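Structure file run16.txt (compact mmCIF, C-alpha atoms) follows.
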# COMPACT_ATOMS: atom_id res chain seq x y z
CA MET A 1 -9.31 -5.19 30.92
CA ASN A 2 -8.71 -1.45 30.80
CA GLY A 3 -5.80 -1.34 28.35
CA ILE A 4 -4.26 1.69 26.66
CA VAL A 5 -6.54 4.13 24.85
CA VAL A 6 -5.77 4.22 21.12
CA PRO A 7 -4.73 7.82 20.31
CA SER A 8 -7.23 9.63 18.11
CA ALA A 9 -4.75 10.00 15.23
CA ASP A 10 -4.35 6.19 15.22
CA ALA A 11 -8.00 5.27 15.85
CA PHE A 12 -8.82 7.42 12.81
CA PHE A 13 -7.57 4.63 10.51
CA LEU A 14 -9.50 1.93 12.38
CA HIS A 15 -12.67 3.95 11.76
CA VAL A 16 -11.68 4.47 8.11
CA GLU A 17 -11.40 0.71 7.73
CA GLY A 18 -15.04 0.45 8.76
CA THR A 19 -15.86 1.42 5.16
CA GLY A 20 -14.34 -1.89 4.00
CA ALA A 21 -11.04 -0.42 2.75
CA ALA A 22 -8.15 -2.18 4.52
CA GLN A 23 -5.58 0.23 5.99
CA HIS A 24 -2.13 -1.41 6.03
CA VAL A 25 1.28 0.22 5.79
CA GLY A 26 4.53 -1.63 5.24
CA GLY A 27 6.96 -2.55 2.56
CA VAL A 28 8.42 -5.10 0.18
CA VAL A 29 12.09 -5.89 0.83
CA VAL A 30 13.76 -7.59 -2.16
CA LEU A 31 16.54 -9.93 -1.03
CA GLU A 32 19.53 -10.63 -3.23
CA PRO A 33 19.84 -14.14 -4.74
CA THR A 34 21.87 -16.40 -2.45
CA ASP A 35 22.74 -20.04 -1.78
CA HIS A 36 21.95 -19.46 1.89
CA ARG A 37 18.27 -18.54 1.78
CA PRO A 38 16.74 -18.09 5.25
CA SER A 39 14.21 -20.69 6.33
CA ILE A 40 10.80 -19.71 7.67
CA GLU A 41 12.00 -21.02 11.05
CA ASP A 42 14.94 -18.60 10.89
CA VAL A 43 12.55 -15.72 10.14
CA ARG A 44 10.20 -16.61 12.99
CA ALA A 45 13.11 -16.84 15.43
CA LEU A 46 14.34 -13.40 14.34
CA VAL A 47 10.87 -11.91 14.65
CA ALA A 48 10.34 -13.50 18.07
CA GLY A 49 13.59 -12.04 19.36
CA GLY A 50 12.98 -8.45 18.24
CA PHE A 51 10.01 -7.41 16.14
CA ALA A 52 7.42 -9.29 18.22
CA GLN A 53 8.77 -7.62 21.40
CA LEU A 54 7.80 -4.13 20.25
CA PRO A 55 4.73 -2.91 22.19
CA ARG A 56 2.03 -3.02 19.52
CA MET A 57 3.33 -6.31 18.15
CA HIS A 58 2.04 -8.21 21.19
CA GLN A 59 -1.11 -6.17 21.74
CA ARG A 60 -4.53 -6.42 20.14
CA LEU A 61 -7.69 -4.32 20.19
CA GLY A 62 -9.86 -4.81 23.25
CA PRO A 63 -13.65 -5.04 23.40
CA THR A 64 -15.32 -1.84 22.33
CA SER A 65 -18.71 -0.26 21.74
CA SER A 66 -20.14 2.62 19.74
CA TRP A 67 -19.28 5.14 22.47
CA ARG A 68 -16.21 3.58 24.07
CA ARG A 69 -12.74 4.63 22.92
CA MET A 70 -10.75 1.83 21.35
CA ARG A 71 -8.01 0.32 23.52
CA TRP A 72 -4.87 -1.74 23.11
CA VAL A 73 -4.75 -4.77 25.41
CA GLU A 74 -2.18 -7.53 25.81
CA ALA A 75 -2.76 -10.50 23.52
CA ASP A 76 -2.98 -13.86 25.26
CA HIS A 77 -0.64 -15.35 22.68
CA VAL A 78 1.26 -14.19 19.59
CA ASP A 79 0.92 -17.06 17.12
CA LEU A 80 4.02 -16.71 14.95
CA ASP A 81 2.81 -19.57 12.74
CA TRP A 82 -0.01 -17.21 11.70
CA HIS A 83 1.79 -13.87 11.80
CA VAL A 84 4.93 -15.04 9.96
CA ILE A 85 4.23 -17.21 6.93
CA GLU A 86 5.84 -18.46 3.73
CA HIS A 87 4.39 -18.06 0.25
CA ARG A 88 5.74 -19.31 -3.07
CA SER A 89 5.16 -17.08 -6.08
CA PRO A 90 3.70 -19.14 -8.94
CA ASP A 91 5.05 -16.78 -11.60
CA GLY A 92 8.02 -14.91 -10.21
CA TRP A 93 8.03 -11.14 -9.94
CA SER A 94 4.53 -10.59 -11.30
CA GLY A 95 3.23 -13.13 -8.79
CA LEU A 96 4.84 -11.18 -5.95
CA LEU A 97 3.17 -7.91 -7.02
CA ARG A 98 -0.20 -9.61 -7.45
CA TYR A 99 0.12 -11.21 -4.00
CA VAL A 100 0.91 -7.84 -2.37
CA GLY A 101 -2.25 -6.44 -3.95
CA GLU A 102 -4.26 -9.36 -2.56
CA LEU A 103 -2.84 -8.85 0.93
CA ALA A 104 -3.66 -5.14 0.75
CA GLU A 105 -7.33 -5.96 0.08
CA GLN A 106 -7.77 -8.02 3.24
CA PRO A 107 -8.51 -6.38 6.62
CA MET A 108 -6.64 -8.04 9.47
CA PRO A 109 -8.65 -9.87 12.16
CA ARG A 110 -8.93 -7.63 15.21
CA ASP A 111 -8.70 -10.45 17.77
CA ARG A 112 -4.96 -10.69 17.01
CA PRO A 113 -2.10 -8.16 16.92
CA LEU A 114 -2.48 -6.17 13.70
CA TRP A 115 0.59 -7.19 11.70
CA ARG A 116 1.87 -9.86 9.32
CA ILE A 117 5.19 -10.81 7.74
CA VAL A 118 5.42 -12.98 4.63
CA LEU A 119 8.57 -14.56 3.18
CA VAL A 120 7.76 -14.78 -0.53
CA ARG A 121 9.84 -17.38 -2.38
CA ASP A 122 10.95 -17.65 -5.99
CA ILE A 123 10.37 -14.08 -7.13
CA GLY A 124 13.25 -14.28 -9.60
CA PRO A 125 16.03 -16.50 -10.92
CA GLY A 126 18.88 -17.63 -8.72
CA GLY A 127 16.91 -18.21 -5.53
CA ALA A 128 15.61 -14.70 -4.97
CA ASP A 129 13.12 -14.05 -2.16
CA ALA A 130 11.25 -11.04 -0.82
CA LEU A 131 10.02 -10.05 2.61
CA VAL A 132 6.58 -8.40 2.84
CA VAL A 133 5.96 -6.55 6.11
CA LEU A 134 2.48 -5.22 6.91
CA LEU A 135 1.31 -3.23 9.93
CA HIS A 136 -2.08 -1.70 10.46
CA HIS A 137 -2.03 2.08 9.99
CA SER A 138 -3.31 2.43 13.57
CA ILE A 139 0.05 1.06 14.75
CA ALA A 140 2.28 3.40 12.80
CA ASP A 141 2.58 5.77 9.87
CA GLY A 142 4.94 5.09 6.97
CA ILE A 143 8.09 6.21 8.81
CA GLY A 144 6.96 4.34 11.91
CA ALA A 145 6.64 1.18 9.82
CA VAL A 146 10.22 1.68 8.59
CA LEU A 147 11.42 2.13 12.17
CA HIS A 148 9.64 -1.06 13.22
CA THR A 149 11.32 -3.08 10.47
CA PHE A 150 14.77 -1.95 11.59
CA SER A 151 14.56 -4.65 14.27
CA LEU A 152 14.78 -7.20 11.44
CA PHE A 153 17.93 -5.82 9.79
CA GLU A 154 21.61 -5.33 10.46
CA PRO A 155 23.02 -2.81 11.13
CA ARG A 156 20.29 -0.77 12.77
CA PRO A 157 20.80 2.84 11.74
CA LYS A 158 18.82 5.85 12.81
CA LEU A 159 16.75 7.76 10.31
CA PRO A 160 17.58 11.39 9.64
CA VAL A 161 14.92 13.48 11.36
CA PRO A 162 14.39 17.12 10.40
CA ALA A 163 15.75 19.34 13.12
CA GLY A 164 15.26 22.99 13.89
CA PRO A 165 13.96 25.38 16.51
CA MET A 166 10.48 24.59 17.78
CA PRO A 167 8.07 27.54 17.62
CA GLY A 168 6.80 28.95 20.88
CA ARG A 169 3.36 28.03 22.19
CA LEU A 170 1.68 31.25 21.04
CA THR A 171 3.32 31.12 17.61
CA ARG A 172 2.30 27.51 17.16
CA ALA A 173 -1.25 28.20 18.34
CA ALA A 174 -1.57 31.04 15.84
CA ALA A 175 -0.22 28.81 13.05
CA VAL A 176 -2.67 26.04 13.93
CA ALA A 177 -5.57 28.51 13.92
CA MET A 178 -4.53 29.79 10.51
CA GLY A 179 -4.10 26.25 9.24
CA LEU A 180 -7.61 25.31 10.35
CA ALA A 181 -9.00 28.35 8.56
CA GLU A 182 -7.13 27.38 5.38
CA LEU A 183 -8.44 23.81 5.58
CA ALA A 184 -11.99 25.09 5.99
CA THR A 185 -11.77 26.99 2.71
CA ASP A 186 -10.11 24.23 0.64
CA GLY A 187 -13.41 23.01 -0.79
CA VAL A 188 -14.20 19.54 -2.13
CA ALA A 189 -12.69 17.36 -4.82
CA ARG A 190 -14.15 16.66 -8.25
CA PRO A 191 -16.21 13.45 -8.50
CA LEU A 192 -14.51 10.22 -9.55
CA PRO A 193 -16.01 7.45 -11.67
CA PRO A 194 -17.11 4.32 -9.79
CA GLY A 195 -14.23 2.13 -8.65
CA SER A 196 -13.80 -1.15 -6.78
CA LYS A 197 -12.38 -2.50 -3.52
CA ARG A 198 -9.70 -4.46 -5.39
CA ARG A 199 -6.04 -3.50 -5.08
CA ALA A 200 -3.13 -3.66 -7.48
CA PHE A 201 0.51 -2.95 -6.70
CA GLY A 202 3.37 -1.79 -8.89
CA VAL A 203 6.92 -0.63 -8.24
CA ALA A 204 9.48 1.69 -9.75
CA GLU A 205 12.95 2.68 -8.68
CA VAL A 206 15.68 5.13 -9.56
CA GLU A 207 19.12 5.88 -8.14
CA LEU A 208 18.63 8.53 -5.47
CA ASP A 209 21.51 10.66 -6.73
CA ALA A 210 20.08 10.57 -10.25
CA VAL A 211 16.61 11.75 -9.24
CA ARG A 212 18.16 14.47 -7.08
CA ARG A 213 20.20 15.67 -10.08
CA ILE A 214 17.12 15.73 -12.29
CA ALA A 215 15.18 17.74 -9.69
CA ALA A 216 18.07 20.13 -9.06
CA ALA A 217 18.57 20.74 -12.78
CA ARG A 218 14.95 21.94 -12.96
CA GLY A 219 15.01 23.88 -9.71
CA VAL A 220 12.35 21.74 -8.00
CA ARG A 221 12.16 19.33 -5.09
CA VAL A 222 12.20 15.55 -5.49
CA THR A 223 8.62 15.25 -4.21
CA ASP A 224 7.45 17.82 -6.78
CA LEU A 225 9.18 15.84 -9.53
CA LEU A 226 7.58 12.60 -8.33
CA ILE A 227 4.07 14.12 -8.28
CA ALA A 228 4.51 15.52 -11.81
CA VAL A 229 5.80 12.19 -13.13
CA LEU A 230 2.79 10.43 -11.58
CA ALA A 231 0.38 12.97 -13.09
CA ASP A 232 1.98 12.54 -16.51
CA GLY A 233 1.70 8.78 -16.17
CA ILE A 234 -1.91 8.79 -14.98
CA HIS A 235 -2.91 10.82 -18.03
CA ALA A 236 -1.03 8.37 -20.27
CA VAL A 237 -2.44 5.11 -18.87
CA SER A 238 -5.91 5.98 -17.48
CA THR A 239 -9.17 7.34 -18.85
CA GLY A 240 -12.25 8.77 -17.22
CA LEU A 241 -10.50 10.55 -14.34
CA PRO A 242 -10.97 14.31 -13.74
CA PRO A 243 -8.46 16.63 -15.45
CA THR A 244 -7.34 17.79 -11.99
CA LEU A 245 -6.66 15.39 -9.13
CA ARG A 246 -6.53 16.44 -5.50
CA ILE A 247 -3.50 14.78 -3.93
CA SER A 248 -2.80 14.63 -0.20
CA VAL A 249 0.95 15.04 0.34
CA SER A 250 2.08 13.68 3.69
CA THR A 251 4.41 15.74 5.85
CA VAL A 252 6.51 14.01 8.52
CA VAL A 253 6.32 15.72 11.91
CA ARG A 254 8.13 12.97 13.81
CA THR A 255 10.88 14.41 16.00
CA PRO A 256 13.94 12.87 17.71
CA GLY A 257 12.86 10.69 20.61
CA THR A 258 9.34 10.13 19.25
CA ALA A 259 8.12 6.56 19.84
CA VAL A 260 8.00 4.32 16.79
CA GLU A 261 4.32 3.64 17.47
CA GLY A 262 1.59 5.95 16.32
CA ASN A 263 0.99 8.42 13.52
CA ALA A 264 3.07 11.60 13.49
CA ILE A 265 2.14 13.09 10.13
CA GLY A 266 0.43 16.12 8.72
CA ALA A 267 -0.85 16.59 5.20
CA SER A 268 -1.58 19.27 2.66
CA MET A 269 -3.72 19.06 -0.48
CA VAL A 270 -2.34 20.00 -3.88
CA GLN A 271 -4.43 20.32 -7.04
CA VAL A 272 -2.49 18.42 -9.71
CA PRO A 273 -3.26 18.88 -13.43
CA VAL A 274 -3.77 15.56 -15.26
CA ASP A 275 -4.51 16.92 -18.70
CA GLY A 276 -1.59 15.94 -20.92
CA ARG A 277 0.16 19.32 -20.95
CA PRO A 278 3.91 19.37 -21.75
CA PHE A 279 5.91 17.89 -18.89
CA ASP A 280 8.03 20.95 -18.12
CA GLU A 281 4.87 23.06 -17.88
CA LEU A 282 3.26 20.44 -15.64
CA LEU A 283 6.31 20.27 -13.36
CA ALA A 284 6.50 24.06 -13.04
CA GLU A 285 2.80 24.22 -12.11
CA VAL A 286 3.13 21.43 -9.50
CA SER A 287 6.22 23.06 -8.01
CA ALA A 288 4.54 26.49 -7.81
CA ARG A 289 1.43 25.07 -6.14
CA ARG A 290 3.53 23.05 -3.69
CA GLU A 291 5.62 26.10 -2.86
CA ARG A 292 2.50 28.04 -1.90
CA LEU A 293 1.42 25.12 0.30
CA ARG A 294 4.82 24.94 2.00
CA ARG A 295 4.34 28.53 3.09
CA SER A 296 0.86 27.74 4.42
CA THR A 297 -0.04 26.19 7.76
CA ARG A 298 -2.48 23.55 6.49
CA ALA A 299 -0.28 20.66 7.65
CA LEU A 300 -0.24 22.04 11.20
CA GLY A 301 -4.00 22.43 11.11
CA ALA A 302 -4.47 18.86 9.87
CA ARG A 303 -2.10 17.54 12.51
CA PHE A 304 -3.97 19.41 15.26
CA VAL A 305 -7.30 17.95 14.15
CA MET A 306 -5.91 14.40 14.08
CA ALA A 307 -3.87 14.47 17.28
CA THR A 308 -5.83 16.87 19.49
CA GLY A 309 -9.18 17.92 18.09
CA LEU A 310 -10.58 14.39 17.77
CA ARG A 311 -9.83 13.62 21.41
CA VAL A 312 -12.55 15.96 22.67
CA VAL A 313 -15.47 14.73 20.57
CA PRO A 314 -17.56 11.58 21.15
CA GLU A 315 -16.44 8.41 19.42
CA PRO A 316 -19.42 8.28 17.02
CA ALA A 317 -18.42 11.76 15.80
CA VAL A 318 -14.83 10.59 15.32
CA ARG A 319 -16.08 7.65 13.26
CA TRP A 320 -18.28 9.93 11.13
CA PHE A 321 -15.42 12.39 10.60
CA ALA A 322 -12.93 9.69 9.56
CA GLN A 323 -15.30 8.04 7.12
CA THR A 324 -16.42 11.37 5.66
CA VAL A 325 -13.23 13.36 5.15
CA TYR A 326 -10.88 10.52 4.18
CA GLY A 327 -12.30 9.67 0.81
CA PRO A 328 -13.15 10.92 -2.69
CA ARG A 329 -15.21 13.86 -1.49
CA PHE A 330 -12.01 15.59 -0.33
CA LEU A 331 -9.08 13.77 -1.95
CA HIS A 332 -8.21 11.53 -4.90
CA GLY A 333 -4.88 10.09 -3.84
CA VAL A 334 -1.98 10.13 -1.38
CA VAL A 335 1.74 10.68 -1.99
CA SER A 336 4.41 10.31 0.69
CA ASN A 337 8.17 10.71 0.18
CA MET A 338 10.07 9.27 3.17
CA PRO A 339 13.71 9.21 4.25
CA GLY A 340 15.39 5.86 4.81
CA PRO A 341 18.79 4.47 5.75
CA SER A 342 21.75 5.29 3.55
CA VAL A 343 23.97 2.36 4.61
CA PRO A 344 23.85 -1.17 3.13
CA MET A 345 21.78 -3.56 5.24
CA THR A 346 21.22 -7.30 5.53
CA PHE A 347 18.36 -9.57 6.57
CA LEU A 348 19.60 -12.77 8.25
CA GLY A 349 22.89 -12.21 6.46
CA VAL A 350 21.29 -11.65 3.04
CA PRO A 351 21.92 -8.21 1.46
CA HIS A 352 19.19 -6.10 -0.06
CA HIS A 353 19.02 -2.65 -1.60
CA ARG A 354 15.50 -2.44 -3.05
CA VAL A 355 12.63 -1.62 -0.68
CA TYR A 356 9.20 -0.47 -1.86
CA PRO A 357 6.69 1.11 0.55
CA ILE A 358 3.13 -0.17 0.78
CA LEU A 359 0.53 2.49 1.56
CA PRO A 360 -3.25 1.97 1.73
CA LEU A 361 -5.79 3.62 -0.51
CA ALA A 362 -8.22 6.04 1.07
CA PRO A 363 -11.71 4.53 0.57
CA GLY A 364 -13.08 5.21 -2.91
CA THR A 365 -9.84 6.68 -4.26
CA PRO A 366 -7.61 5.19 -6.97
CA LEU A 367 -4.01 5.94 -5.92
CA SER A 368 -1.61 5.84 -2.98
CA VAL A 369 2.13 6.18 -3.59
CA GLY A 370 5.02 5.84 -1.19
CA ALA A 371 8.63 6.68 -2.05
CA LEU A 372 11.45 5.57 0.25
CA SER A 373 15.18 6.12 -0.08
CA TRP A 374 17.07 2.98 0.95
CA GLY A 375 20.77 2.38 0.43
CA GLY A 376 21.04 4.96 -2.34
CA VAL A 377 17.92 3.84 -4.27
CA LEU A 378 14.56 5.60 -4.28
CA GLY A 379 12.00 2.79 -4.21
CA ILE A 380 8.46 3.73 -5.24
CA GLY A 381 5.44 1.60 -4.33
CA LEU A 382 2.22 2.32 -6.23
CA ALA A 383 -1.07 1.03 -4.86
CA THR A 384 -4.05 1.51 -7.15
CA ASP A 385 -7.65 0.57 -7.70
CA PRO A 386 -7.19 -1.41 -10.93
CA GLU A 387 -10.66 -0.39 -12.05
CA LEU A 388 -9.38 3.18 -12.47
CA ILE A 389 -5.56 3.02 -12.76
CA ASP A 390 -3.41 0.20 -14.14
CA ALA A 391 -0.62 -0.12 -11.53
CA ALA A 392 1.79 -1.99 -13.83
CA ALA A 393 1.35 0.50 -16.69
CA LEU A 394 1.79 3.46 -14.35
CA ALA A 395 4.92 1.91 -12.81
CA ASP A 396 6.37 1.31 -16.29
CA HIS A 397 5.73 4.94 -17.20
CA VAL A 398 7.38 6.20 -14.01
CA ASN A 399 10.39 3.93 -14.56
CA ARG A 400 10.74 4.98 -18.19
CA LEU A 401 10.52 8.68 -17.42
CA LEU A 402 12.87 8.68 -14.42
CA ARG A 403 15.45 6.11 -15.48
CA SER A 404 15.78 5.98 -19.25
CA GLY A 405 13.41 8.57 -20.62
CA PRO A 406 13.75 12.21 -21.59
CA LEU A 407 14.23 13.54 -18.06
CA GLU A 408 17.42 11.59 -17.42
CA GLY A 409 18.62 12.08 -20.98
CA GLU A 410 18.10 15.86 -20.89
CA GLU A 411 19.80 16.10 -17.50
CA GLU A 412 22.84 14.19 -18.75
CA ALA A 413 23.00 16.29 -21.93
CA SER A 414 23.05 19.50 -19.90
CA ALA A 415 25.68 18.24 -17.44
Once more with this new file: its structure as structure tokens, please.
Amino acid sequence: MNGIVVPSADAFFLHVEGTGAAQHVGGVVVLEPTDHRPSIEDVRALVAGGFAQLPRMHQRLGPTSSWRRMRWVEADHVDLDWHVIEHRSPDGWSGLLRYVGELAEQPMPRDRPLWRIVLVRDIGPGGADALVVLLHHSIADGIGAVLHTFSLFEPRPKLPVPAGPMPGRLTRAAAVAMGLAELATDGVARPLPPGSKRRAFGVAEVELDAVRRIAAARGVRVTDLLIAVLADGIHAVSTGLPPTLRISVSTVVRTPGTAVEGNAIGASMVQVPVDGRPFDELLAEVSARRERLRRSTRALGARFVMATGLRVVPEPAVRWFAQTVYGPRFLHGVVSNMPGPSVPMTFLGVPHHRVYPILPLAPGTPLSVGALSWGGVLGIGLATDPELIDAAALADHVNRLLRSGPLEGEEEASA
């Protein structure tokens, strides 16, 4: 049973999970109310015909040891009655969000393929359902999870992937070396108060064109605006956190032709003020700090460590590295803004336009936020440690500020 060696960038998250913090990525797809709700048998048949045929969907982790690299091996059987289940929300929308938080707390058994799909019933009036898709982070990053779920929807578009000339080998090597030097001097994060292993989940959404107009009117990028709105909200709804949070901002390095499996991301750390300063001042500071990071090579350095550097060290050292650097000593939270399809899509004939990413928390940290554009709507999924950040209150603040608060009002007044 030799199997396929798990790439170091993917095994990283299996080692992280050894701390007890489950590492799932995925999303919540909100289906429109309909008289023709899909049955769980319909969902299993769809999954069996497409999703379950993708390589990692019918593989599991093989036997391992302290020194042996982890491997993917073929599963003897993919039990769709276990992987694809139905759940009825006892109290509508709030029950759905609570259930997602509960799922996010639970590591998946490693003697099965590392994914689950749940059809959640009765999330709203009129026969509304939701689809919750979860993959282990060792299978894919956030964009990879989106690409996997395309096998469940019609039509099946391609994501826009940043294009441009690839740097030469020497140029790239020099950039990686500089990035590693920058990472080495980044220092450590301020201590956090004690948290918990519980998870809460909240959502926000805004029309993509609207958030782009708001960002453009202030001369910033959408990701900068999102980080500032989150910082403003954290100060408003939480107490006891440091006045500056160190946020890891994911950078997609997936290129055309890249397999949907695996992690193809870099990251850079931005120091974000959470001290209640006026919003415009906060946004300008976040944008300036992010601009300096965009000119740096930290993301390339981080990508090199994950994809190449960890391959040449013994597995115990990889485990130590993952469980040491991915936590509150070096970061307080994660933010990822991802592209999605722009065309309307259906699931078993049922339309949907709201999709919220699910990202895992780094062990001991209170926040992980994914933003995904889908059919003209920017859906924002907020995972938190409820001991430190109230997910529902933060989501309400983000919604209020982006959709009906002063940012949108000021933008409209100046138009």
Study note, to complete from the structure: Among A:Pro157, A:Gly195, A:Gly27, A:Pro328, A:Ala362 is approached most closely, using all atoms listed in the file, by A:Pro328
Review point. Of the residues A:His77, A:Arg68, A:Arg277, A:His83, which is the one nearest to A:Pro314, using all atoms listed in the file?
Key: A:Arg68
Check your understanding: Quick one, how far is atom CA of A:Gly3 from atom CA of A:Ala145?
Key -> 22.5 Å
Point to revise | stretch 242-246 of chain A environment, 8 Å, all atoms listed in the file, sequence neighbours closer than 2 positions dropped, as a list in words | key: Ala189, Arg190, Pro191, Leu192, Gly240, Ser248, Met269, Val270, Gln271, Val272, Pro273, Val274, Asp275, Phe330, Leu331, His332 and Gly333 of chain A
Check your understanding: Which is closest to A:Ala9 among A:Leu114, A:Leu131, A:Leu96, A:Met70, if we use all atoms listed in the file?
Key ->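 When distances to A:Ala9 are compared using all atoms listed in the file, the smallest one comes from A:Met70.
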Practice item. Give me, please, the distance in Å between atom CA of A:Gly62 and atom CA of A:Phe321, quoted to one decimal. Key: 22.1 Å
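Distances from A:Val6, A:Ala395, A:Ile214, A:Leu152 to A:Gln53 were compared using all atoms listed in the file, and the smallest one belongs to A:Leu152.
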Review point. So, counting only C-alpha atoms, which residue among A:Val377, A:Ala11, A:Ile139, A:Val43 is closest to A:Leu119?
Key: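 Looking only at the distances to A:Leu119, the closest residue turns out to be A:Val43.
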**Study point:** Proximity to A:Ala371 - best of A:Asp129, A:Glu387, A:Glu205, A:Asp10, only C-alpha atoms
**Key:**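 Closest residue, counting only C-alpha atoms: A:Glu205.
When atom CA of A:His87 is paired with atom CA of A:Val47, their separation reads 16.9 Å.
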